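Undergrad: My structure is in start.pdb, and what it holds is PDB, C-alpha atoms and all ligand atoms:
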MODEL        1
ATOM      1  CA  MET A   1     -51.662 -21.995  30.531
ATOM      2  CA  SER A   2     -49.776 -20.994  33.671
ATOM      3  CA  GLU A   3     -51.736 -19.859  36.697
ATOM      4  CA  PRO A   4     -52.175 -16.088  36.983
ATOM      5  CA  GLU A   5     -49.713 -14.732  39.514
ATOM      6  CA  SER A   6     -52.473 -13.042  41.464
ATOM      7  CA  ALA A   7     -53.163 -16.486  42.967
ATOM      8  CA  ALA A   8     -49.586 -16.979  44.230
ATOM      9  CA  ALA A   9     -47.691 -15.639  47.239
ATOM     10  CA  TRP A  10     -45.748 -12.441  46.600
ATOM     11  CA  PRO A  11     -42.879 -11.797  46.702
ATOM     12  CA  PRO A  12     -42.168 -15.380  45.634
ATOM     13  CA  ALA A  13     -39.555 -17.471  47.468
ATOM     14  CA  GLY A  14     -36.648 -15.709  45.844
ATOM     15  CA  CYS A  15     -34.385 -12.707  46.184
ATOM     16  CA  ALA A  16     -33.843  -9.548  44.168
ATOM     17  CA  LEU A  17     -30.523  -8.507  42.630
ATOM     18  CA  VAL A  18     -29.899  -4.846  41.799
ATOM     19  CA  THR A  19     -26.767  -4.160  39.772
ATOM     20  CA  GLY A  20     -25.110  -0.870  40.666
ATOM     21  CA  GLY A  21     -27.167  -0.731  43.840
ATOM     22  CA  SER A  22     -24.643   1.221  45.881
ATOM     23  CA  ARG A  23     -25.609   4.736  44.766
ATOM     24  CA  GLY A  24     -28.162   6.801  42.893
ATOM     25  CA  ILE A  25     -31.120   5.098  41.230
ATOM     26  CA  GLY A  26     -29.906   1.588  42.111
ATOM     27  CA  ALA A  27     -29.726   2.378  45.829
ATOM     28  CA  ALA A  28     -33.290   3.762  45.779
ATOM     29  CA  VAL A  29     -34.483   0.663  43.904
ATOM     30  CA  ALA A  30     -32.804  -1.660  46.429
ATOM     31  CA  LEU A  31     -34.543   0.144  49.310
ATOM     32  CA  ALA A  32     -37.918   0.077  47.542
ATOM     33  CA  LEU A  33     -37.768  -3.653  46.746
ATOM     34  CA  ALA A  34     -36.669  -4.442  50.302
ATOM     35  CA  ALA A  35     -39.674  -2.474  51.571
ATOM     36  CA  ASP A  36     -41.873  -4.813  49.498
ATOM     37  CA  GLY A  37     -40.381  -7.821  51.299
ATOM     38  CA  TRP A  38     -37.668  -8.901  48.843
ATOM     39  CA  PRO A  39     -34.323  -9.967  50.292
ATOM     40  CA  VAL A  40     -31.963  -7.838  48.192
ATOM     41  CA  ALA A  41     -28.457  -8.391  46.825
ATOM     42  CA  VAL A  42     -26.868  -4.971  46.357
ATOM     43  CA  ASN A  43     -24.258  -5.272  43.623
ATOM     44  CA  TYR A  44     -21.474  -2.687  43.342
ATOM     45  CA  ASN A  45     -18.192  -2.337  41.515
ATOM     46  CA  ALA A  46     -15.916   0.055  43.434
ATOM     47  CA  GLY A  47     -18.161   1.479  46.163
ATOM     48  CA  ALA A  48     -17.946  -1.115  48.935
ATOM     49  CA  GLN A  49     -18.645   1.454  51.640
ATOM     50  CA  ALA A  50     -21.659   2.930  49.835
ATOM     51  CA  ALA A  51     -23.061  -0.559  49.217
ATOM     52  CA  GLY A  52     -22.595  -1.352  52.912
ATOM     53  CA  GLU A  53     -24.571   1.764  53.808
ATOM     54  CA  VAL A  54     -27.462   0.666  51.569
ATOM     55  CA  VAL A  55     -27.430  -2.766  53.223
ATOM     56  CA  ALA A  56     -27.406  -1.150  56.672
ATOM     57  CA  ALA A  57     -30.352   1.111  55.751
ATOM     58  CA  ILE A  58     -32.355  -1.890  54.546
ATOM     59  CA  GLU A  59     -31.570  -3.847  57.713
ATOM     60  CA  GLN A  60     -32.449  -0.877  59.882
ATOM     61  CA  ALA A  61     -35.862  -0.783  58.188
ATOM     62  CA  GLY A  62     -36.352  -4.460  59.046
ATOM     63  CA  GLY A  63     -35.352  -5.956  55.689
ATOM     64  CA  ARG A  64     -32.637  -8.360  54.529
ATOM     65  CA  ALA A  65     -29.775  -7.466  52.216
ATOM     66  CA  VAL A  66     -26.199  -8.331  51.292
ATOM     67  CA  ALA A  67     -23.583  -6.424  49.299
ATOM     68  CA  VAL A  68     -21.996  -8.315  46.410
ATOM     69  CA  GLN A  69     -19.001  -6.978  44.490
ATOM     70  CA  GLY A  70     -18.800  -7.552  40.745
ATOM     71  CA  ASP A  71     -17.996  -5.550  37.622
ATOM     72  CA  VAL A  72     -20.960  -6.125  35.298
ATOM     73  CA  ALA A  73     -18.680  -5.591  32.287
ATOM     74  CA  ASP A  74     -16.694  -8.681  33.287
ATOM     75  CA  PRO A  75     -18.078 -11.751  31.478
ATOM     76  CA  GLN A  76     -17.193 -13.892  34.542
ATOM     77  CA  ALA A  77     -19.139 -11.666  36.956
ATOM     78  CA  PRO A  78     -22.663 -13.123  36.663
ATOM     79  CA  GLU A  79     -21.732 -16.623  37.894
ATOM     80  CA  ARG A  80     -19.860 -15.246  40.892
ATOM     81  CA  VAL A  81     -22.423 -12.562  41.773
ATOM     82  CA  PHE A  82     -25.396 -14.930  41.473
ATOM     83  CA  ALA A  83     -23.630 -17.643  43.482
ATOM     84  CA  GLN A  84     -22.846 -15.214  46.317
ATOM     85  CA  ALA A  85     -26.267 -13.585  46.307
ATOM     86  CA  GLU A  86     -28.176 -16.877  46.230
ATOM     87  CA  GLU A  87     -25.957 -18.534  48.838
ATOM     88  CA  GLN A  88     -26.019 -15.623  51.285
ATOM     89  CA  LEU A  89     -29.735 -14.936  50.904
ATOM     90  CA  GLY A  90     -30.666 -18.612  50.589
ATOM     91  CA  ALA A  91     -32.968 -18.170  47.595
ATOM     92  CA  PRO A  92     -32.763 -17.927  43.804
ATOM     93  CA  VAL A  93     -32.755 -14.543  42.099
ATOM     94  CA  LEU A  94     -36.346 -14.042  40.942
ATOM     95  CA  ALA A  95     -36.132 -10.269  40.428
ATOM     96  CA  LEU A  96     -33.253  -8.669  38.529
ATOM     97  CA  VAL A  97     -32.791  -4.956  37.990
ATOM     98  CA  ASN A  98     -30.068  -4.202  35.447
ATOM     99  CA  ASN A  99     -29.242  -0.721  36.653
ATOM    100  CA  ALA A 100     -25.420  -0.446  36.589
ATOM    101  CA  GLY A 101     -24.437   2.081  33.978
ATOM    102  CA  ILE A 102     -21.771   4.582  33.010
ATOM    103  CA  THR A 103     -21.318   7.495  30.623
ATOM    104  CA  ARG A 104     -18.218   8.347  28.594
ATOM    105  CA  ASP A 105     -19.526  11.340  26.667
ATOM    106  CA  ASN A 106     -17.769  12.670  23.585
ATOM    107  CA  LEU A 107     -18.807  13.806  20.128
ATOM    108  CA  ALA A 108     -18.678  10.904  17.670
ATOM    109  CA  PRO A 109     -15.755  12.226  15.578
ATOM    110  CA  SER A 110     -13.636  12.283  18.752
ATOM    111  CA  LEU A 111     -15.054   9.229  20.482
ATOM    112  CA  ALA A 112     -12.252   6.837  21.464
ATOM    113  CA  ASP A 113     -12.542   3.072  21.085
ATOM    114  CA  GLU A 114     -12.229   2.721  24.868
ATOM    115  CA  GLU A 115     -15.138   5.147  25.415
ATOM    116  CA  TRP A 116     -17.325   3.191  22.998
ATOM    117  CA  ASP A 117     -16.292  -0.215  24.326
ATOM    118  CA  ALA A 118     -16.640   0.634  28.032
ATOM    119  CA  VAL A 119     -20.191   1.938  27.625
ATOM    120  CA  ILE A 120     -21.341  -0.978  25.465
ATOM    121  CA  ALA A 121     -19.682  -3.511  27.791
ATOM    122  CA  THR A 122     -21.213  -2.059  30.960
ATOM    123  CA  ASN A 123     -24.621  -0.794  29.836
ATOM    124  CA  LEU A 124     -25.534  -3.426  27.233
ATOM    125  CA  SER A 125     -23.376  -6.577  27.374
ATOM    126  CA  GLY A 126     -23.503  -6.618  31.180
ATOM    127  CA  ALA A 127     -27.302  -6.495  31.156
ATOM    128  CA  PHE A 128     -27.383  -9.299  28.580
ATOM    129  CA  ARG A 129     -25.168 -11.636  30.627
ATOM    130  CA  PHE A 130     -26.955 -10.917  33.913
ATOM    131  CA  THR A 131     -30.307 -11.489  32.224
ATOM    132  CA  ARG A 132     -29.157 -14.759  30.640
ATOM    133  CA  ARG A 133     -27.972 -16.011  34.018
ATOM    134  CA  ALA A 134     -31.139 -14.883  35.812
ATOM    135  CA  LEU A 135     -33.444 -16.569  33.326
ATOM    136  CA  LYS A 136     -32.149 -20.018  34.306
ATOM    137  CA  GLY A 137     -33.709 -19.852  37.761
ATOM    138  CA  MET A 138     -36.716 -17.772  36.726
ATOM    139  CA  MET A 139     -37.783 -20.169  33.977
ATOM    140  CA  ARG A 140     -37.382 -23.083  36.372
ATOM    141  CA  ALA A 141     -39.534 -21.258  38.956
ATOM    142  CA  ARG A 142     -41.966 -20.185  36.222
ATOM    143  CA  THR A 143     -41.948 -16.674  37.646
ATOM    144  CA  GLY A 144     -39.611 -13.726  37.542
ATOM    145  CA  ARG A 145     -39.188 -10.015  36.983
ATOM    146  CA  ILE A 146     -36.469  -8.313  34.990
ATOM    147  CA  VAL A 147     -36.300  -4.528  34.761
ATOM    148  CA  ASN A 148     -33.657  -2.853  32.625
ATOM    149  CA  ILE A 149     -32.773   0.771  33.296
ATOM    150  CA  ALA A 150     -32.553   2.413  29.882
ATOM    151  CA  SER A 151     -32.637   6.171  29.277
ATOM    152  CA  VAL A 152     -34.432   8.910  27.428
ATOM    153  CA  SER A 153     -31.147   9.078  25.439
ATOM    154  CA  ALA A 154     -32.233   5.816  23.784
ATOM    155  CA  LEU A 155     -35.356   7.479  22.423
ATOM    156  CA  ARG A 156     -34.116  10.932  21.396
ATOM    157  CA  ALA A 157     -30.695  12.127  20.298
ATOM    158  CA  ASN A 158     -28.411  13.664  22.884
ATOM    159  CA  ALA A 159     -25.250  15.101  21.320
ATOM    160  CA  GLY A 160     -22.149  13.575  22.874
ATOM    161  CA  GLN A 161     -23.902  10.334  23.786
ATOM    162  CA  SER A 162     -23.778   8.223  20.609
ATOM    163  CA  ASN A 163     -22.187   5.382  22.591
ATOM    164  CA  TYR A 164     -24.611   5.697  25.517
ATOM    165  CA  GLY A 165     -27.653   6.200  23.263
ATOM    166  CA  ALA A 166     -26.721   3.164  21.160
ATOM    167  CA  ALA A 167     -26.230   1.011  24.257
ATOM    168  CA  LYS A 168     -29.528   2.098  25.825
ATOM    169  CA  ALA A 169     -31.465   1.743  22.538
ATOM    170  CA  GLY A 170     -29.975  -1.731  22.219
ATOM    171  CA  LEU A 171     -31.045  -2.449  25.793
ATOM    172  CA  ILE A 172     -34.640  -1.503  24.936
ATOM    173  CA  GLN A 173     -34.815  -3.817  21.934
ATOM    174  CA  PHE A 174     -33.103  -6.549  23.979
ATOM    175  CA  THR A 175     -35.827  -6.031  26.611
ATOM    176  CA  ARG A 176     -38.673  -6.372  24.099
ATOM    177  CA  THR A 177     -37.190  -9.418  22.407
ATOM    178  CA  VAL A 178     -36.475 -11.339  25.612
ATOM    179  CA  ALA A 179     -39.937 -10.395  26.886
ATOM    180  CA  VAL A 180     -41.638 -12.232  24.018
ATOM    181  CA  GLU A 181     -39.256 -15.190  24.374
ATOM    182  CA  VAL A 182     -40.094 -15.844  28.037
ATOM    183  CA  ALA A 183     -43.632 -14.492  28.478
ATOM    184  CA  ARG A 184     -45.297 -17.899  28.573
ATOM    185  CA  ARG A 185     -42.970 -18.962  31.408
ATOM    186  CA  GLY A 186     -44.376 -16.303  33.746
ATOM    187  CA  VAL A 187     -41.314 -14.051  33.477
ATOM    188  CA  THR A 188     -41.784 -10.364  32.634
ATOM    189  CA  VAL A 189     -39.068  -8.183  31.120
ATOM    190  CA  ASN A 190     -39.533  -4.424  31.016
ATOM    191  CA  ALA A 191     -37.498  -1.248  30.722
ATOM    192  CA  VAL A 192     -37.647   2.047  32.550
ATOM    193  CA  ALA A 193     -36.310   5.059  30.659
ATOM    194  CA  PRO A 194     -35.436   7.893  33.042
ATOM    195  CA  GLY A 195     -34.896  11.464  31.903
ATOM    196  CA  PHE A 196     -32.674  13.693  34.037
ATOM    197  CA  ILE A 197     -32.487  12.322  37.551
ATOM    198  CA  ALA A 198     -30.444  14.019  40.266
ATOM    199  CA  THR A 199     -27.533  11.620  40.884
ATOM    200  CA  ASP A 200     -23.733  11.637  40.696
ATOM    201  CA  MET A 201     -24.074  10.827  36.973
ATOM    202  CA  THR A 202     -25.849  14.082  36.181
ATOM    203  CA  SER A 203     -24.556  16.443  38.899
ATOM    204  CA  ALA A 204     -22.306  18.268  36.423
ATOM    205  CA  LEU A 205     -25.045  18.569  33.769
ATOM    206  CA  ILE A 206     -28.156  19.813  35.537
ATOM    207  CA  GLY A 207     -28.358  23.609  35.270
ATOM    208  CA  PRO A 208     -30.914  26.290  34.328
ATOM    209  CA  ASP A 209     -30.782  25.608  30.549
ATOM    210  CA  LEU A 210     -31.386  21.906  30.972
ATOM    211  CA  LEU A 211     -34.175  22.391  33.499
ATOM    212  CA  ALA A 212     -35.889  24.866  31.146
ATOM    213  CA  ALA A 213     -36.024  22.124  28.484
ATOM    214  CA  ILE A 214     -37.851  19.701  30.801
ATOM    215  CA  PRO A 215     -41.651  20.229  30.744
ATOM    216  CA  ALA A 216     -41.819  19.546  34.522
ATOM    217  CA  ARG A 217     -39.030  22.185  34.979
ATOM    218  CA  ARG A 218     -37.128  20.018  37.414
ATOM    219  CA  ALA A 219     -34.907  16.972  37.601
ATOM    220  CA  GLY A 220     -36.470  13.737  38.813
ATOM    221  CA  SER A 221     -35.579  12.039  42.076
ATOM    222  CA  THR A 222     -34.169   8.548  42.450
ATOM    223  CA  GLU A 223     -37.297   7.648  44.441
ATOM    224  CA  GLU A 224     -39.502   8.597  41.484
ATOM    225  CA  VAL A 225     -37.633   6.124  39.279
ATOM    226  CA  ALA A 226     -37.597   3.471  42.008
ATOM    227  CA  ALA A 227     -41.394   3.733  42.358
ATOM    228  CA  CYS A 228     -41.786   2.705  38.706
ATOM    229  CA  VAL A 229     -39.346  -0.176  39.054
ATOM    230  CA  ARG A 230     -41.164  -1.264  42.205
ATOM    231  CA  PHE A 231     -44.433  -1.392  40.261
ATOM    232  CA  LEU A 232     -42.914  -3.438  37.418
ATOM    233  CA  VAL A 233     -41.519  -5.914  39.983
ATOM    234  CA  SER A 234     -44.814  -6.131  41.855
ATOM    235  CA  ARG A 235     -47.493  -8.801  41.579
ATOM    236  CA  GLN A 236     -49.803  -6.166  40.111
ATOM    237  CA  ALA A 237     -47.591  -5.839  37.013
ATOM    238  CA  SER A 238     -47.858  -9.535  36.102
ATOM    239  CA  TYR A 239     -49.393  -8.803  32.670
ATOM    240  CA  VAL A 240     -46.987  -5.955  31.799
ATOM    241  CA  THR A 241     -44.098  -7.188  29.676
ATOM    242  CA  GLY A 242     -41.992  -5.774  26.857
ATOM    243  CA  ALA A 243     -42.943  -2.260  27.958
ATOM    244  CA  VAL A 244     -40.802   0.859  28.201
ATOM    245  CA  LEU A 245     -41.911   3.192  30.966
ATOM    246  CA  THR A 246     -40.506   6.706  30.607
ATOM    247  CA  VAL A 247     -39.909   8.645  33.833
ATOM    248  CA  ASP A 248     -38.774  11.984  32.523
ATOM    249  CA  GLY A 249     -41.050  14.876  33.520
ATOM    250  CA  GLY A 250     -42.364  14.964  29.955
ATOM    251  CA  LEU A 251     -38.972  15.371  28.253
ATOM    252  CA  GLY A 252     -39.641  12.670  25.659
ATOM    253  CA  ALA A 253     -43.336  13.420  25.154
TER
HETATM  254  N1  LIG B   1     -29.166   9.853  36.438
HETATM  255  C1  LIG B   1     -29.852   9.996  35.341
HETATM  256  O1  LIG B   1     -30.307  11.091  34.994
HETATM  257  C2  LIG B   1     -30.123   8.808  34.462
HETATM  258  C3  LIG B   1     -30.932   9.034  33.352
HETATM  259  C4  LIG B   1     -31.219   7.961  32.519
HETATM  260  C5  LIG B   1     -30.704   6.715  32.796
HETATM  261  N2  LIG B   1     -29.892   6.534  33.872
HETATM  262  C6  LIG B   1     -29.375   5.194  34.098
HETATM  263  O2  LIG B   1     -29.711   4.790  35.398
HETATM  264  C7  LIG B   1     -28.707   3.907  35.893
HETATM  265  C8  LIG B   1     -28.196   4.407  37.232
HETATM  266  O3  LIG B   1     -27.704   5.727  37.022
HETATM  267  P1  LIG B   1     -27.319   6.680  38.251
HETATM  268  O4  LIG B   1     -27.577   8.059  37.771
HETATM  269  O5  LIG B   1     -27.913   6.196  39.490
HETATM  270  O6  LIG B   1     -25.738   6.468  38.245
HETATM  271  P2  LIG B   1     -24.645   6.724  39.390
HETATM  272  O7  LIG B   1     -25.192   7.622  40.446
HETATM  273  O8  LIG B   1     -23.417   7.120  38.657
HETATM  274  O9  LIG B   1     -24.467   5.255  40.014
HETATM  275  C9  LIG B   1     -24.009   4.249  39.198
HETATM  276  C10 LIG B   1     -24.097   2.948  39.924
HETATM  277  O10 LIG B   1     -23.684   1.912  39.001
HETATM  278  C11 LIG B   1     -22.604   1.213  39.580
HETATM  279  N3  LIG B   1     -21.703   0.761  38.525
HETATM  280  C12 LIG B   1     -21.078   1.505  37.584
HETATM  281  N4  LIG B   1     -20.322   0.713  36.799
HETATM  282  C13 LIG B   1     -20.480  -0.544  37.265
HETATM  283  C14 LIG B   1     -19.961  -1.795  36.895
HETATM  284  N5  LIG B   1     -19.115  -1.905  35.861
HETATM  285  N6  LIG B   1     -20.320  -2.899  37.602
HETATM  286  C15 LIG B   1     -21.175  -2.793  38.652
HETATM  287  N7  LIG B   1     -21.692  -1.631  39.053
HETATM  288  C16 LIG B   1     -21.343  -0.514  38.373
HETATM  289  C17 LIG B   1     -21.963   2.150  40.555
HETATM  290  O11 LIG B   1     -21.289   1.390  41.535
HETATM  291  P3  LIG B   1     -19.792   1.759  42.057
HETATM  292  O12 LIG B   1     -19.876   3.108  42.676
HETATM  293  O13 LIG B   1     -19.482   0.677  43.011
HETATM  294  O14 LIG B   1     -18.910   1.733  40.841
HETATM  295  C18 LIG B   1     -23.188   2.874  41.116
HETATM  296  O15 LIG B   1     -23.812   2.098  42.115
HETATM  297  C19 LIG B   1     -27.638   3.828  34.804
HETATM  298  O16 LIG B   1     -27.854   2.700  33.989
HETATM  299  C20 LIG B   1     -27.868   5.095  34.012
HETATM  300  O17 LIG B   1     -27.411   4.968  32.688
HETATM  301  C21 LIG B   1     -29.592   7.549  34.712
ENDMDL
END
If you convert what's in this file into structure tokens, what do you get?
Ligand SMILES: NC(=O)c1ccc[n+]([C@@H]2O[C@H](COP(=O)([O-])OP(=O)(O)OC[C@H]3O[C@@H](n4cnc5c(N)ncnc54)[C@H](OP(=O)(O)O)[C@@H]3O)[C@@H](O)[C@H]2O)c1

TA:
Amino acid sequence: MSEPESAAAWPPAGCALVTGGSRGIGAAVALALAADGWPVAVNYNAGAQAAGEVVAAIEQAGGRAVAVQGDVADPQAPERVFAQAEEQLGAPVLALVNNAGITRDNLAPSLADEEWDAVIATNLSGAFRFTRRALKGMMRARTGRIVNIASVSALRANAGQSNYGAAKAGLIQFTRTVAVEVARRGVTVNAVAPGFIATDMTSALIGPDLLAAIPARRAGSTEEVAACVRFLVSRQASYVTGAVLTVDGGLGA
């Protein structure tokens, strides 16, 4: 039986990688993990300037971070992103947050192949390939944390999001399955399922009707999601694996 993590130093001698860390939830997660002492690789696709600002904010707070470009939908991305992150931060990735995600909403009868494929490739296949790559080092180190950012749309139907809901539901079952595969190696794999969080992704959607449907009567903040991710990455969450933590103001209750 492996030693309980409560006996080991934390964070371990590794770095954290946050995909889509340049804006929104990912940026808040990167800042939160850095505040816990993790050197952080901030992955982005197009937003080099935004990623640089997240790195600067982490450094200003006394932490360490680097920005690493890579399109998570590109099957070649994990090798390149991990190599850059691990070389520049000088440590293996021992915490991975699969946060990068997109929407291409449309009702199913009108949904184009490209809209289906782009969402599956980014939100599901990307998380799979980044997880597969991360597990190499984590299993060797016999410790690791993987947190996948799912969505309330995986758990309840949201018209216009059959592609997104399918990808996020797939991500949840991927999370649970990998969790049981690697649990005895000291690696935990969990999902966080946010409801409506105020970011660029939802800025066009959040209005009075939507807020009235949320029991808390407000959108969530990126910091409220990051706090949950921070817990799942912490030493204290060492016995939590295969879980889905909803952060939705009661929307899915
Ligand atoms: N906001 C919500 O209400 C909500 C609710 C449930 C779940 N979520 C999930 O939470 C995650 C973050 O959402 P958000 O609201 O923070 O989104 P956002 O504000 O639109 O930010 C998306 C982030 O993902 C990055 N990204 C997008 N495509 C990428 C790709 N192919 N490769 C690498 N990075 C990519 C973006 O980087 P660039 O700018 O560089 O492209 C950006 O940093 C997503 O998985 C989303 O599905 C959000």

Undergrad: Show me, as a ChimeraX atom specification, the residues that have an atom within 10 Å of A:Asp71 when counting only C-alpha atoms, minus same-chain residues fewer than 4 positions from it.

TA: /A:19-20,43-46,75-78,81,100,122,126

Undergrad: List the residues selected by the PyMOL selection byres (((chain A and resi 140-156) around 6) and not hetatm) in the file shown, writing them as a PyMOL selection string.

TA: chain A and resi 94-99+137-139+157-158+165+168-169+185-195+233

Undergrad: To box stretch 106-112 of chain A, take all atoms listed in the file, fit an axis-aligned box, add 5 Å on each side, and give centre and edge lengths in Å to one decimal, as JSON.

TA:
{"center_x": -15.5, "center_y": 10.3, "center_z": 19.6, "size_x": 16.6, "size_y": 17.0, "size_z": 18.0}

Undergrad: Under the rule that only C-alpha atoms and all ligand atoms are counted, which of A:Cys15, A:Ala8, A:Leu251, A:Ile197 is the nearest residue to ligand LIG 1 (chain B)?

TA: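 The answer is A:Ile197, which sits nearest to ligand LIG 1 (chain B).
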
Undergrad: Of the candidates A:Gln60, A:Ser162, A:Thr202, A:Asn106, which shows the shortest atom-to-atom distance to ligand LIG 1 (chain B), using only C-alpha atoms and all ligand atoms?

TA: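 Looking only at the distances to ligand LIG 1 (chain B), the closest residue turns out to be A:Thr202.
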
Undergrad: Please provide as a ChimeraX atom specification all residues within 7 Å of A:Ala198, with the sequence filter that same-chain residues fewer than 6 positions apart are discarded (counting only C-alpha atoms).

TA: /A:219-222

Undergrad: Of the candidates A:Leu111, A:Leu245, A:Val66, A:Val42, which one gets nearest to ligand LIG 1 (chain B) if we count all atoms listed in the file?

TA: A:Val42

Undergrad: Measuring between only C-alpha atoms and all ligand atoms, which one of A:Ala127, A:Val55, A:Ala73, A:Ala91 shows the shortest distance to ligand LIG 1 (chain B)?

TA: A:Ala73

Undergrad: Could you state the separation of atom O16 of ligand LIG 1 (chain B) and atom CA of A:Glu181 in Å, given to one decimal place?

TA: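 Between atom O16 of ligand LIG 1 (chain B) and atom CA of A:Glu181 the gap works out to 23.3 Å.
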
Undergrad: Which value, in Å to one decimal, gives the distance between atom CA of A:Arg132 and atom CA of A:Thr175?

TA: 11.7 Å

Undergrad: Excluding A:Gln49 and residues on its chain fewer than 4 positions from it, collect all residues at most 9 Å away from it, counting only C-alpha atoms, and give them as a list in words.

TA: Ser22, Glu53 and Val54 of chain A

Undergrad: Enter the distance from atom CA of A:Gly47 to atom P3 of ligand LIG 1 (chain B), in Å, rounded to one decimal.

TA: 4.4 Å

Undergrad: Between A:Ser203, A:Asp105, A:Ala50, A:Phe196, which has the minimum distance to A:Gly252 (counting all atoms listed in the file)?

TA: A:Phe196
